[in-house]
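Coordinates as given in data-v9.txt (compact mmCIF, C-alpha atoms):
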```
# COMPACT_ATOMS: atom_id res chain seq x y z
CA MET A 1 110.16 87.44 106.02
CA ASN A 2 110.71 83.78 105.17
CA ALA A 3 107.96 81.50 103.90
CA LEU A 4 107.14 79.93 107.28
CA ASP A 5 106.86 83.29 109.08
CA LEU A 6 104.70 84.57 106.25
CA LEU A 7 102.40 81.55 106.55
CA GLY A 8 102.07 82.09 110.30
CA PHE A 9 101.38 85.80 109.81
CA VAL A 10 98.70 85.16 107.20
CA THR A 11 97.05 82.47 109.36
CA VAL A 12 96.81 84.77 112.37
CA ASP A 13 95.52 87.53 110.12
CA ALA A 14 92.87 85.18 108.70
CA PHE A 15 91.73 84.25 112.21
CA TRP A 16 91.19 87.82 113.38
CA SER A 17 89.56 88.96 110.13
CA ALA A 18 87.19 85.97 110.24
CA LEU A 19 86.16 87.00 113.75
CA ALA A 20 85.67 90.62 112.62
CA ALA A 21 83.51 89.50 109.68
CA LEU A 22 81.49 87.19 111.95
CA GLY A 23 80.81 89.99 114.43
CA PHE A 24 79.48 92.26 111.72
CA ALA A 25 77.48 89.38 110.20
CA VAL A 26 75.70 89.00 113.54
CA LEU A 27 75.14 92.77 113.70
CA PHE A 28 73.63 92.69 110.20
CA ASN A 29 71.33 89.81 111.25
CA VAL A 30 72.40 87.38 108.50
CA PRO A 31 70.52 84.05 108.27
CA ARG A 32 72.13 81.50 110.60
CA ARG A 33 72.97 79.07 107.83
CA VAL A 34 75.31 81.53 106.09
CA LEU A 35 77.16 82.68 109.23
CA VAL A 36 80.15 80.37 108.73
CA GLY A 37 80.37 81.37 105.08
CA CYS A 38 80.54 85.06 106.09
CA GLY A 39 83.49 84.34 108.37
CA ARG A 40 85.28 82.43 105.62
CA VAL A 41 84.78 85.16 103.03
CA GLY A 42 86.04 87.79 105.48
CA ALA A 43 89.15 85.75 106.22
CA ALA A 44 89.82 85.04 102.55
CA GLY A 45 89.65 88.71 101.54
CA HIS A 46 91.73 90.24 104.31
CA ALA A 47 94.30 87.41 104.51
CA SER A 48 94.89 87.43 100.75
CA ARG A 49 95.49 91.18 100.97
CA ALA A 50 97.92 90.63 103.86
CA LEU A 51 99.74 87.94 101.84
CA LEU A 52 100.05 90.19 98.79
CA MET A 53 101.27 93.14 100.85
CA GLU A 54 103.73 91.31 103.10
CA GLY A 55 104.89 88.59 100.71
CA PHE A 56 104.97 90.40 97.40
CA GLY A 57 105.19 94.06 98.37
CA VAL A 58 101.94 95.01 96.65
CA SER A 59 100.50 98.42 97.60
CA ILE A 60 97.52 98.49 99.96
CA VAL A 61 95.12 99.76 97.30
CA ALA A 62 96.06 97.13 94.71
CA GLY A 63 96.04 94.48 97.45
CA THR A 64 92.58 95.57 98.57
CA LEU A 65 91.30 95.45 94.99
CA ALA A 66 92.61 91.88 94.64
CA GLY A 67 91.28 90.82 98.04
CA ALA A 68 87.86 92.34 97.34
CA THR A 69 87.71 90.66 93.93
CA LEU A 70 88.33 87.34 95.69
CA VAL A 71 85.53 88.19 98.14
CA GLY A 72 83.17 88.90 95.24
CA LEU A 73 84.13 85.64 93.52
CA ILE A 74 83.69 83.43 96.61
CA GLY A 75 80.51 85.37 97.37
CA LEU A 76 79.06 84.45 93.97
CA ILE A 77 79.94 80.77 94.43
CA LEU A 78 78.61 80.55 98.00
CA ALA A 79 75.48 82.50 97.05
CA ARG A 80 74.68 79.99 94.33
CA ARG A 81 75.34 77.05 96.62
CA LEU A 82 73.42 78.33 99.65
CA ARG A 83 70.73 80.15 97.61
CA VAL A 84 71.08 83.56 99.25
CA PRO A 85 71.84 86.99 97.73
CA ALA A 86 75.58 87.37 97.03
CA MET A 87 75.34 90.80 98.65
CA ILE A 88 75.39 89.19 102.13
CA PHE A 89 78.83 87.67 101.55
CA ASN A 90 80.11 90.74 99.71
CA ILE A 91 79.27 93.11 102.56
CA CYS A 92 80.48 90.85 105.39
CA GLY A 93 83.62 89.96 103.43
CA GLY A 94 84.41 93.57 102.61
CA ILE A 95 84.03 94.82 106.18
CA PRO A 96 87.42 93.61 107.56
CA MET A 97 89.23 95.56 104.82
CA VAL A 98 87.45 98.85 105.60
CA PRO A 99 90.25 101.35 106.38
CA GLY A 100 89.20 102.21 109.94
CA MET A 101 92.66 103.28 111.07
CA PHE A 102 93.19 105.65 108.11
CA ALA A 103 89.71 107.12 108.55
CA TYR A 104 90.46 107.68 112.23
CA SER A 105 93.76 109.41 111.43
CA THR A 106 92.05 111.59 108.82
CA MET A 107 89.37 112.78 111.23
CA LEU A 108 91.83 113.35 114.06
CA SER A 109 94.25 115.33 111.89
CA LEU A 110 91.43 117.51 110.59
CA ILE A 111 90.32 118.28 114.12
CA ARG A 112 93.92 119.09 115.11
CA VAL A 113 94.13 121.75 112.40
CA VAL A 114 91.62 123.86 114.32
CA ASP A 115 93.72 124.56 117.40
CA ALA A 116 97.20 124.02 115.99
CA PRO A 117 99.79 126.80 116.50
CA PRO A 118 100.02 129.10 113.43
CA ASP A 119 103.03 127.43 111.81
CA ALA A 120 102.12 123.81 112.67
CA GLY A 121 98.75 123.63 110.93
CA GLU A 122 100.19 122.53 107.58
CA ALA A 123 101.57 119.28 109.00
CA PHE A 124 98.12 118.23 110.22
CA LEU A 125 96.53 119.31 106.94
CA ILE A 126 99.03 117.21 105.00
CA SER A 127 98.44 114.26 107.30
CA ALA A 128 94.67 114.63 106.88
CA GLY A 129 95.08 114.80 103.09
CA ILE A 130 97.30 111.73 102.87
CA ASN A 131 95.14 109.63 105.17
CA GLY A 132 91.95 110.87 103.51
CA ILE A 133 93.19 109.88 100.06
CA ARG A 134 94.19 106.45 101.37
CA THR A 135 90.79 106.00 103.02
CA GLY A 136 88.89 107.00 99.89
CA LEU A 137 90.95 104.88 97.51
CA ILE A 138 90.79 101.77 99.72
CA LEU A 139 87.02 102.15 100.08
CA ALA A 140 86.66 102.52 96.32
CA ALA A 141 88.88 99.46 95.80
CA ILE A 142 86.64 97.40 98.12
CA ALA A 143 83.44 98.45 96.34
CA ILE A 144 84.84 97.99 92.82
CA GLY A 145 86.54 94.71 93.74
CA ILE A 146 83.43 93.05 95.14
CA ALA A 147 81.34 94.25 92.18
CA LEU A 148 83.87 93.07 89.55
CA PRO A 149 83.15 89.30 89.47
CA GLY A 150 79.41 89.95 89.15
CA MET A 151 79.97 92.45 86.35
CA LEU A 152 82.22 90.02 84.49
CA LEU A 153 80.34 86.75 85.05
CA ARG A 154 76.64 87.63 85.37
CA ARG A 155 75.84 89.67 82.33
CA GLU A 156 72.29 88.55 81.56
CA LYS A 157 70.00 91.16 80.04
CA PRO A 158 68.55 93.30 82.85
CA VAL A 159 64.91 92.47 83.61
CA VAL A 160 64.00 96.08 84.31
CA MET B 1 60.43 91.51 77.19
CA SER B 2 59.05 90.53 73.82
CA ALA B 3 55.81 91.82 72.35
CA VAL B 4 54.37 88.28 72.36
CA SER B 5 54.68 87.79 76.13
CA ARG B 6 53.37 91.30 76.65
CA THR B 7 50.10 90.51 75.05
CA ALA B 8 49.91 86.90 76.28
CA LYS B 9 48.83 87.92 79.79
CA PRO B 10 45.14 88.56 80.41
CA PRO B 11 44.49 92.19 81.44
CA LEU B 12 44.03 92.65 85.20
CA GLU B 13 41.12 94.40 86.86
CA TYR B 14 41.73 97.84 88.29
CA GLU B 15 41.27 96.54 91.88
CA VAL B 16 43.76 93.74 91.24
CA LEU B 17 46.30 96.27 90.01
CA THR B 18 45.79 98.22 93.24
CA ASP B 19 46.54 95.11 95.25
CA VAL B 20 49.62 94.20 93.19
CA ILE B 21 51.14 97.66 93.49
CA ASP B 22 50.55 97.59 97.23
CA LEU B 23 52.33 94.24 97.62
CA ALA B 24 55.21 95.25 95.36
CA LEU B 25 55.71 98.54 97.24
CA TRP B 26 55.63 96.77 100.60
CA ALA B 27 58.36 94.36 99.48
CA GLY B 28 60.40 97.17 97.95
CA GLN B 29 60.09 99.28 101.08
CA MET B 30 61.29 96.43 103.31
CA LEU B 31 64.22 95.79 100.97
CA LEU B 32 65.30 99.42 100.82
CA GLN B 33 65.15 99.91 104.57
CA SER B 34 67.05 96.65 105.15
CA GLY B 35 70.07 97.85 103.19
CA ALA B 36 69.56 96.45 99.70
CA ASP B 37 71.17 98.22 96.75
CA ALA B 38 68.97 100.11 94.27
CA ALA B 39 69.39 97.55 91.49
CA ARG B 40 68.13 94.75 93.74
CA VAL B 41 65.09 96.77 94.83
CA GLU B 42 64.24 97.61 91.23
CA GLU B 43 64.69 94.03 90.03
CA THR B 44 62.72 92.47 92.89
CA VAL B 45 59.75 94.85 92.61
CA HIS B 46 59.64 94.28 88.88
CA ARG B 47 59.78 90.50 89.24
CA MET B 48 57.03 90.52 91.87
CA GLY B 49 54.67 92.65 89.78
CA THR B 50 55.11 90.73 86.56
CA GLY B 51 54.92 87.44 88.49
CA LEU B 52 51.53 88.49 89.87
CA GLY B 53 50.15 89.11 86.40
CA CYS B 54 51.14 92.65 85.38
CA ASP B 55 52.59 93.29 81.96
CA TRP B 56 55.25 95.69 83.15
CA MET B 57 56.47 97.57 86.24
CA ASP B 58 58.31 100.92 86.19
CA ILE B 59 60.20 101.67 89.39
CA LEU B 60 61.97 104.80 90.61
CA VAL B 61 64.23 104.12 93.56
CA SER B 62 65.14 107.41 95.16
CA PRO B 63 66.99 107.81 98.48
CA ASN B 64 63.93 107.76 100.74
CA VAL B 65 60.99 107.27 98.39
CA LEU B 66 59.81 104.44 96.16
CA LEU B 67 57.67 105.25 93.12
CA VAL B 68 56.06 102.37 91.24
CA THR B 69 53.78 102.17 88.20
CA THR B 70 52.06 98.89 87.33
CA ILE B 71 50.81 98.34 83.81
CA SER B 72 48.36 95.72 82.57
CA GLY B 73 46.62 95.99 79.23
CA ASP B 74 45.27 99.55 78.97
CA GLN B 75 45.17 100.06 82.73
CA PHE B 76 47.92 101.48 84.91
CA ARG B 77 48.32 102.63 88.50
CA THR B 78 51.05 104.67 90.18
CA LYS B 79 51.83 104.91 93.86
CA VAL B 80 54.50 106.52 96.03
CA ARG B 81 55.75 105.23 99.35
CA ARG B 82 58.10 106.87 101.84
CA VAL B 83 61.02 104.82 103.12
CA PRO B 84 62.19 106.85 106.10
CA ARG B 85 64.38 104.32 107.87
CA MET B 86 67.73 103.01 106.61
CA GLY B 87 69.11 100.00 108.45
CA VAL B 88 70.78 96.69 107.66
CA ASN B 89 68.93 93.40 108.00
CA MET B 90 70.26 90.66 105.75
CA THR B 91 67.61 88.12 106.73
CA ILE B 92 64.84 90.33 105.33
CA VAL B 93 66.83 90.86 102.11
CA ASP B 94 67.23 87.08 101.83
CA GLU B 95 63.55 86.32 102.56
CA ILE B 96 62.20 88.89 100.08
CA ASN B 97 64.62 87.68 97.44
CA HIS B 98 63.40 84.12 97.97
CA LEU B 99 59.75 85.26 97.92
CA SER B 100 60.17 87.15 94.65
CA ARG B 101 61.63 84.04 93.00
CA ARG B 102 58.70 81.92 94.16
CA ILE B 103 56.27 84.50 92.78
CA ASP B 104 58.20 84.53 89.52
CA HIS B 105 57.77 80.74 89.28
CA GLY B 106 54.03 81.20 89.78
CA GLU B 107 53.92 79.37 93.13
CA LEU B 108 52.02 82.04 95.06
CA ASP B 109 48.84 84.05 94.58
CA ARG B 110 48.22 87.54 95.98
CA LEU B 111 46.72 86.27 99.22
CA ALA B 112 49.70 84.00 99.91
CA VAL B 113 52.12 86.82 99.05
CA ARG B 114 50.41 89.14 101.53
CA ALA B 115 50.64 86.48 104.25
CA GLU B 116 54.33 85.89 103.48
CA LEU B 117 55.11 89.64 103.54
CA ARG B 118 53.35 89.96 106.89
CA ARG B 119 55.41 87.06 108.25
CA ILE B 120 58.68 88.61 106.98
CA ASP B 121 57.73 92.02 108.36
CA THR B 122 57.28 90.60 111.87
CA LEU B 123 60.30 88.27 111.88
CA HIS B 124 62.33 88.34 115.07
CA ASP B 125 66.08 88.92 114.87
CA ASN B 126 68.17 85.75 114.57
CA TYR B 127 70.44 86.70 117.44
CA ASP B 128 69.43 88.03 120.84
CA ARG B 129 70.80 91.41 121.90
CA TRP B 130 73.50 90.02 124.20
CA THR B 131 74.90 87.81 121.46
CA VAL B 132 75.10 90.91 119.28
CA VAL B 133 76.79 92.90 122.07
CA VAL B 134 79.47 90.23 122.62
CA MET B 135 80.06 89.59 118.91
CA VAL B 136 80.36 93.29 118.07
CA GLY B 137 82.81 93.67 120.96
CA LEU B 138 84.84 90.73 119.64
CA ALA B 139 84.74 92.10 116.08
CA CYS B 140 86.16 95.48 117.11
CA ALA B 141 88.73 93.80 119.37
CA SER B 142 89.77 91.67 116.36
CA PHE B 143 90.26 94.87 114.39
CA SER B 144 92.60 96.15 117.12
CA ARG B 145 94.70 92.97 116.69
CA LEU B 146 94.71 93.48 112.91
CA PHE B 147 96.06 97.00 113.54
CA GLY B 148 98.84 95.39 115.62
CA ALA B 149 97.61 96.16 119.14
CA ASP B 150 98.73 94.32 122.28
CA TRP B 151 96.40 92.29 124.52
CA GLY B 152 95.77 95.25 126.85
CA ALA B 153 94.34 97.30 123.98
CA PHE B 154 92.46 94.18 122.81
CA GLY B 155 90.66 93.88 126.16
CA VAL B 156 89.87 97.58 126.42
CA THR B 157 88.55 97.61 122.83
CA PHE B 158 86.31 94.64 123.57
CA CYS B 159 84.77 96.36 126.60
CA ALA B 160 84.44 99.73 124.85
CA ALA B 161 82.80 98.33 121.72
CA ALA B 162 80.45 96.02 123.65
CA ILE B 163 79.29 98.87 125.92
CA ALA B 164 78.93 101.12 122.88
CA GLN B 165 76.79 98.53 121.07
CA TRP B 166 74.57 98.19 124.16
CA THR B 167 74.24 102.00 124.26
CA ARG B 168 73.30 102.06 120.58
CA GLN B 169 70.57 99.45 121.14
CA GLU B 170 69.13 101.47 124.04
CA LEU B 171 69.14 104.69 122.00
CA HIS B 172 67.49 102.90 119.06
CA LYS B 173 64.69 101.77 121.36
CA HIS B 174 63.93 105.40 122.18
CA HIS B 175 63.90 106.47 118.51
CA PHE B 176 66.69 109.02 118.65
CA ASN B 177 67.94 110.55 115.42
CA THR B 178 70.44 108.30 113.57
CA PHE B 179 73.21 110.90 113.53
CA MET B 180 72.71 111.62 117.20
CA ILE B 181 72.85 107.90 118.04
CA THR B 182 76.14 107.62 116.15
CA ALA B 183 77.71 110.60 117.94
CA ILE B 184 76.59 109.47 121.41
CA THR B 185 77.70 105.89 120.77
CA ALA B 186 81.11 107.09 119.57
CA PHE B 187 81.34 109.25 122.70
CA THR B 188 80.62 106.22 124.91
CA ALA B 189 83.14 104.06 123.08
CA GLY B 190 85.72 106.85 123.26
CA CYS B 191 85.27 107.33 127.01
CA VAL B 192 85.75 103.62 127.77
CA ALA B 193 88.61 103.23 125.27
CA SER B 194 90.41 106.23 126.80
CA LEU B 195 90.90 104.09 129.92
CA ALA B 196 93.63 102.24 128.01
CA SER B 197 95.62 105.46 128.12
CA VAL B 198 94.44 106.80 131.51
CA LEU B 199 95.06 103.53 133.40
CA GLU B 200 98.13 102.69 131.25
CA LEU B 201 96.72 99.31 130.25
CA SER B 202 98.43 99.31 126.87
CA ASP B 203 101.46 100.74 125.05
CA GLN B 204 99.30 101.68 122.04
CA PRO B 205 96.18 103.29 123.55
CA GLN B 206 95.44 105.07 120.25
CA LEU B 207 94.71 101.69 118.60
CA ALA B 208 92.04 100.95 121.21
CA LEU B 209 90.43 104.35 120.48
CA ALA B 210 90.45 103.78 116.73
CA ALA B 211 89.18 100.19 116.88
CA SER B 212 86.44 100.75 119.47
CA VAL B 213 84.39 103.02 117.16
CA LEU B 214 84.57 100.71 114.15
CA LEU B 215 81.14 99.26 114.95
CA LEU B 216 79.79 102.64 113.80
CA VAL B 217 81.63 102.84 110.48
CA PRO B 218 78.94 103.14 107.78
CA GLY B 219 80.40 100.31 105.69
CA VAL B 220 77.14 99.32 104.02
CA PRO B 221 76.12 102.77 102.73
CA LEU B 222 79.69 103.49 101.59
CA ILE B 223 80.05 100.19 99.68
CA HIS B 224 76.54 100.52 98.19
CA SER B 225 77.25 104.13 97.28
CA ILE B 226 79.87 103.13 94.74
CA GLU B 227 77.95 100.02 93.64
CA ASP B 228 74.80 102.05 92.96
CA ILE B 229 76.76 104.56 90.89
CA ILE B 230 78.41 101.74 88.93
CA TYR B 231 74.98 100.36 88.02
CA GLY B 232 73.58 103.74 87.01
CA HIS B 233 71.69 104.81 90.16
CA VAL B 234 73.76 107.94 90.56
CA LEU B 235 71.42 109.99 92.74
CA ILE B 236 70.91 107.35 95.41
CA GLY B 237 74.63 106.49 95.23
CA LEU B 238 75.63 110.09 95.91
CA THR B 239 73.11 110.32 98.76
CA ARG B 240 74.47 107.18 100.39
CA GLY B 241 78.03 108.49 100.07
CA LEU B 242 77.04 111.79 101.66
CA ILE B 243 75.21 110.04 104.51
CA GLY B 244 78.30 107.86 105.05
CA ALA B 245 80.52 110.95 105.22
CA ILE B 246 78.21 112.71 107.69
CA LEU B 247 78.08 109.58 109.88
CA ALA B 248 81.89 109.51 109.85
CA MET B 249 81.89 113.13 111.03
CA CYS B 250 79.46 112.20 113.82
CA ILE B 251 81.90 109.50 114.94
CA ALA B 252 84.72 112.07 114.95
CA LEU B 253 82.60 114.50 116.94
CA GLY B 254 81.74 111.92 119.60
CA LEU B 255 85.36 110.77 119.84
CA LEU B 256 86.63 114.34 120.11
CA LEU B 257 84.28 115.09 122.99
CA ALA B 258 85.27 111.88 124.77
CA MET B 259 89.00 112.56 124.33
CA GLY B 260 88.58 116.12 125.56
CA LEU B 261 86.68 114.94 128.62
CA MET B 262 89.17 112.20 129.46
CA GLY B 263 92.23 114.33 128.68
CA VAL B 264 93.61 111.88 126.10
CA SER B 265 95.50 112.98 122.98
CA GLY B 266 94.65 110.04 120.78
CA LEU B 267 97.86 109.81 118.75
```

Using the file provided, produce a representation of the structure as structure tokens.
Amino acid sequence: MNALDLLGFVTVDAFWSALAALGFAVLFNVPRRVLVGCGRVGAAGHASRALLMEGFGVSIVAGTLAGATLVGLIGLILARRLRVPAMIFNICGGIPMVPGMFAYSTMLSLIRVVDAPPDAGEAFLISAGINGIRTGLILAAIAIGIALPGMLLRREKPVV
Amino acid sequence: MSAVSRTAKPPLEYEVLTDVIDLALWAGQMLLQSGADAARVEETVHRMGTGLGCDWMDILVSPNVLLVTTISGDQFRTKVRRVPRMGVNMTIVDEINHLSRRIDHGELDRLAVRAELRRIDTLHDNYDRWTVVVMVGLACASFSRLFGADWGAFGVTFCAAAIAQWTRQELHKHHFNTFMITAITAFTAGCVASLASVLELSDQPQLALAASVLLLVPGVPLIHSIEDIIYGHVLIGLTRGLIGAILAMCIALGLLLAMGLMGVSGL
């Protein structure tokens, strides 16, 4: 993929992930004044992952960790500027990266195992295992990534 | 907290302590059932109590119960409150967070805090139900594009997710069990999304099926699960993870029934 194609791909990706983040922001009833910010954070996270994966061949888990860290960082900055909990941006920004397709494949493969012919069950089990591991690791990468900036930058003594 | 500031506050009357613990529990309960992480609940309740004149607050955040002890001078009170519902409402999290900071700065007395909490508790949603239906439909349809689906699957996903969201709202109104709501909603989404395959509206009907149930994915409990464990709230973290996994199984169950009914393979 040359640079121009890559730019186009990432832009389209940013558009759809912003829309996905916005939809979930509305579902989570975020305050109206942070709605645009939620869309931006969602686009930044997912598009940066797409750029890393397509442009630099980074694996999806490492890409997700980087994208989620960016979400956490922008979330901290926007939270300070708009005076809202950073959690709002973290959640809405993390949502587009949630591995829905892998989770779907995992569940479907597991269900297939039940009525598979005797010698074909292993294939579904392997598919469920692979997709399950991907789902789990990507989810963990999202959660750790969005928590990282806060853990590194806001280390005041806990009040409790 | 230093020993100096501990003794600097005048001791509160027993009745005042009762009032403070009630207010702090109310705020904590609203936070927990609006999808705040355990550390935020703990911090906010503590800040509210000390801001209203207590020396110290001890808080136990467990998966569906809050336990708070307020301490002032030689007096202390302890109270438990059930938190049966778990939803997501970011506006309430934002409002309570703001309120606790104002209390911390000494801007509000107990009467004003009670009025504010009552206002927050009765806040209307920022978006009317049809806006939510359309936006959730668009969000899931966007996911189908991110998965690489064509416009046929995009359209089917939009319809399926929007109808599913409407179904979920109706079921919520009638107080069905959360897991049941998830399964029935997934079933509805699956039935509509199967039309992509039945009516041959798309070359990748499986993407419409996968994307149309994403509105149900328990993203908030799953993300909080790991965050809570990171910050030392292991029990509530594990509970959230387990609830997330069971909700995912409910989605699978609903989808399976829909695919069986519609005669769609899904891969």

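You will find CA of Leu253 in chain B at 9.0 Å from CA of Ile184 in chain B.
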
Query raised in the report: Near Ala123 in chain A, counting all atoms listed in the file, which residues have an atom at most 10 Å away, once you skip same-chain residues fewer than 5 positions from it, shown as an MDAnalysis selection string?
Result: chainID A and resid 109 112:113 116 128:129

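The protein and nucleic acid residues lying at most 7 Å from range 227-234 of chain B are Ala143 and Ala147 of chain A; Asp37 and Ala38 of chain B, with only C-alpha atoms considered and sequence neighbours fewer than 5 positions away removed.
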
Requested in this report: With all atoms listed in the file counted, which protein, DNA or RNA residues have an atom no more than 12 Å from (95.8, 120.8, 109.4) in the file frame? Please answer as a PyMOL selection string.
Outcome: chain A and resi 105-131

Dump of C-alpha atoms for the selected residues, as a compact mmCIF listing (two decimals), keeping the file's coordinate frame:
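See result.txt below for the written result:
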```txt
# COMPACT_ATOMS: atom_id res chain seq x y z
CA SER A 105 93.76 109.41 111.43
CA THR A 106 92.05 111.59 108.82
CA MET A 107 89.37 112.78 111.23
CA LEU A 108 91.83 113.35 114.06
CA SER A 109 94.25 115.33 111.89
CA LEU A 110 91.43 117.51 110.59
CA ILE A 111 90.32 118.28 114.12
CA ARG A 112 93.92 119.09 115.11
CA VAL A 113 94.13 121.75 112.40
CA VAL A 114 91.62 123.86 114.32
CA ASP A 115 93.72 124.56 117.40
CA ALA A 116 97.20 124.02 115.99
CA PRO A 117 99.79 126.80 116.50
CA PRO A 118 100.02 129.10 113.43
CA ASP A 119 103.03 127.43 111.81
CA ALA A 120 102.12 123.81 112.67
CA GLY A 121 98.75 123.63 110.93
CA GLU A 122 100.19 122.53 107.58
CA ALA A 123 101.57 119.28 109.00
CA PHE A 124 98.12 118.23 110.22
CA LEU A 125 96.53 119.31 106.94
CA ILE A 126 99.03 117.21 105.00
CA SER A 127 98.44 114.26 107.30
CA ALA A 128 94.67 114.63 106.88
CA GLY A 129 95.08 114.80 103.09
CA ILE A 130 97.30 111.73 102.87
CA ASN A 131 95.14 109.63 105.17
```

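The residue that comes closest to chain B, out of A:Ala86, A:Ile133, A:Val36, A:Met101 and on the basis of only C-alpha atoms, is A:Met101.
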
Report summary line: Min atom-atom distance to chain B from the set A:Ile144, A:Ile138, A:Met53, A:Leu35, counting only C-alpha atoms, belongs to A:Ile144

Requested in this report: To one decimal in Å, tell me the separation between CA of Cys159 in chain B and CA of Phe102 in chain A.
Outcome: 22.3 Å

What would the file be for range 194-212 of chain B if you keep N, CA and C atoms and write it as a PDB file, in the first residue's frame?
```pdb
ATOM      1  N   SER B 194     -30.503 -11.758   9.599  1.00  0.00           N
ATOM      2  CA  SER B 194     -30.511 -12.946   8.737  1.00  0.00           C
ATOM      3  C   SER B 194     -31.104 -12.646   7.367  1.00  0.00           C
ATOM      4  N   LEU B 195     -31.908 -11.577   7.288  1.00  0.00           N
ATOM      5  CA  LEU B 195     -32.517 -11.217   6.004  1.00  0.00           C
ATOM      6  C   LEU B 195     -31.452 -10.915   4.954  1.00  0.00           C
ATOM      7  N   ALA B 196     -30.277 -10.450   5.401  1.00  0.00           N
ATOM      8  CA  ALA B 196     -29.193 -10.186   4.451  1.00  0.00           C
ATOM      9  C   ALA B 196     -28.858 -11.447   3.679  1.00  0.00           C
ATOM     10  N   SER B 197     -28.926 -12.585   4.369  1.00  0.00           N
ATOM     11  CA  SER B 197     -28.608 -13.860   3.736  1.00  0.00           C
ATOM     12  C   SER B 197     -29.826 -14.430   3.006  1.00  0.00           C
ATOM     13  N   VAL B 198     -31.005 -14.354   3.670  1.00  0.00           N
ATOM     14  CA  VAL B 198     -32.221 -14.949   3.102  1.00  0.00           C
ATOM     15  C   VAL B 198     -32.624 -14.244   1.808  1.00  0.00           C
ATOM     16  N   LEU B 199     -32.585 -12.908   1.814  1.00  0.00           N
ATOM     17  CA  LEU B 199     -33.003 -12.128   0.639  1.00  0.00           C
ATOM     18  C   LEU B 199     -31.835 -11.816  -0.291  1.00  0.00           C
ATOM     19  N   GLU B 200     -30.636 -12.353   0.047  1.00  0.00           N
ATOM     20  CA  GLU B 200     -29.426 -12.145  -0.747  1.00  0.00           C
ATOM     21  C   GLU B 200     -29.161 -10.666  -0.996  1.00  0.00           C
ATOM     22  N   LEU B 201     -29.161  -9.893   0.075  1.00  0.00           N
ATOM     23  CA  LEU B 201     -28.930  -8.455  -0.025  1.00  0.00           C
ATOM     24  C   LEU B 201     -27.438  -8.124   0.013  1.00  0.00           C
ATOM     25  N   SER B 202     -26.626  -9.095   0.392  1.00  0.00           N
ATOM     26  CA  SER B 202     -25.207  -8.800   0.567  1.00  0.00           C
ATOM     27  C   SER B 202     -24.386 -10.054   0.248  1.00  0.00           C
ATOM     28  N   ASP B 203     -23.111  -9.840  -0.123  1.00  0.00           N
ATOM     29  CA  ASP B 203     -22.221 -10.981  -0.355  1.00  0.00           C
ATOM     30  C   ASP B 203     -21.614 -11.492   0.947  1.00  0.00           C
ATOM     31  N   GLN B 204     -21.659 -10.649   2.001  1.00  0.00           N
ATOM     32  CA  GLN B 204     -21.069 -11.074   3.283  1.00  0.00           C
ATOM     33  C   GLN B 204     -22.116 -10.994   4.381  1.00  0.00           C
ATOM     34  N   PRO B 205     -23.167 -11.832   4.309  1.00  0.00           N
ATOM     35  CA  PRO B 205     -24.250 -11.734   5.297  1.00  0.00           C
ATOM     36  C   PRO B 205     -23.772 -11.985   6.723  1.00  0.00           C
ATOM     37  N   GLN B 206     -22.652 -12.732   6.874  1.00  0.00           N
ATOM     38  CA  GLN B 206     -22.190 -13.031   8.235  1.00  0.00           C
ATOM     39  C   GLN B 206     -21.721 -11.761   8.952  1.00  0.00           C
ATOM     40  N   LEU B 207     -21.236 -10.765   8.168  1.00  0.00           N
ATOM     41  CA  LEU B 207     -20.785  -9.516   8.794  1.00  0.00           C
ATOM     42  C   LEU B 207     -21.972  -8.743   9.368  1.00  0.00           C
ATOM     43  N   ALA B 208     -23.113  -8.799   8.671  1.00  0.00           N
ATOM     44  CA  ALA B 208     -24.313  -8.133   9.186  1.00  0.00           C
ATOM     45  C   ALA B 208     -24.741  -8.787  10.500  1.00  0.00           C
ATOM     46  N   LEU B 209     -24.682 -10.126  10.558  1.00  0.00           N
ATOM     47  CA  LEU B 209     -25.052 -10.845  11.790  1.00  0.00           C
ATOM     48  C   LEU B 209     -24.143 -10.458  12.948  1.00  0.00           C
ATOM     49  N   ALA B 210     -22.836 -10.417  12.670  1.00  0.00           N
ATOM     50  CA  ALA B 210     -21.880 -10.117  13.740  1.00  0.00           C
ATOM     51  C   ALA B 210     -22.036  -8.679  14.215  1.00  0.00           C
ATOM     52  N   ALA B 211     -22.212  -7.743  13.269  1.00  0.00           N
ATOM     53  CA  ALA B 211     -22.234  -6.321  13.649  1.00  0.00           C
ATOM     54  C   ALA B 211     -23.541  -5.932  14.319  1.00  0.00           C
ATOM     55  N   SER B 212     -24.645  -6.610  13.965  1.00  0.00           N
ATOM     56  CA  SER B 212     -25.951  -6.153  14.459  1.00  0.00           C
ATOM     57  C   SER B 212     -26.150  -6.431  15.946  1.00  0.00           C
TER      58      SER B 212
END
```
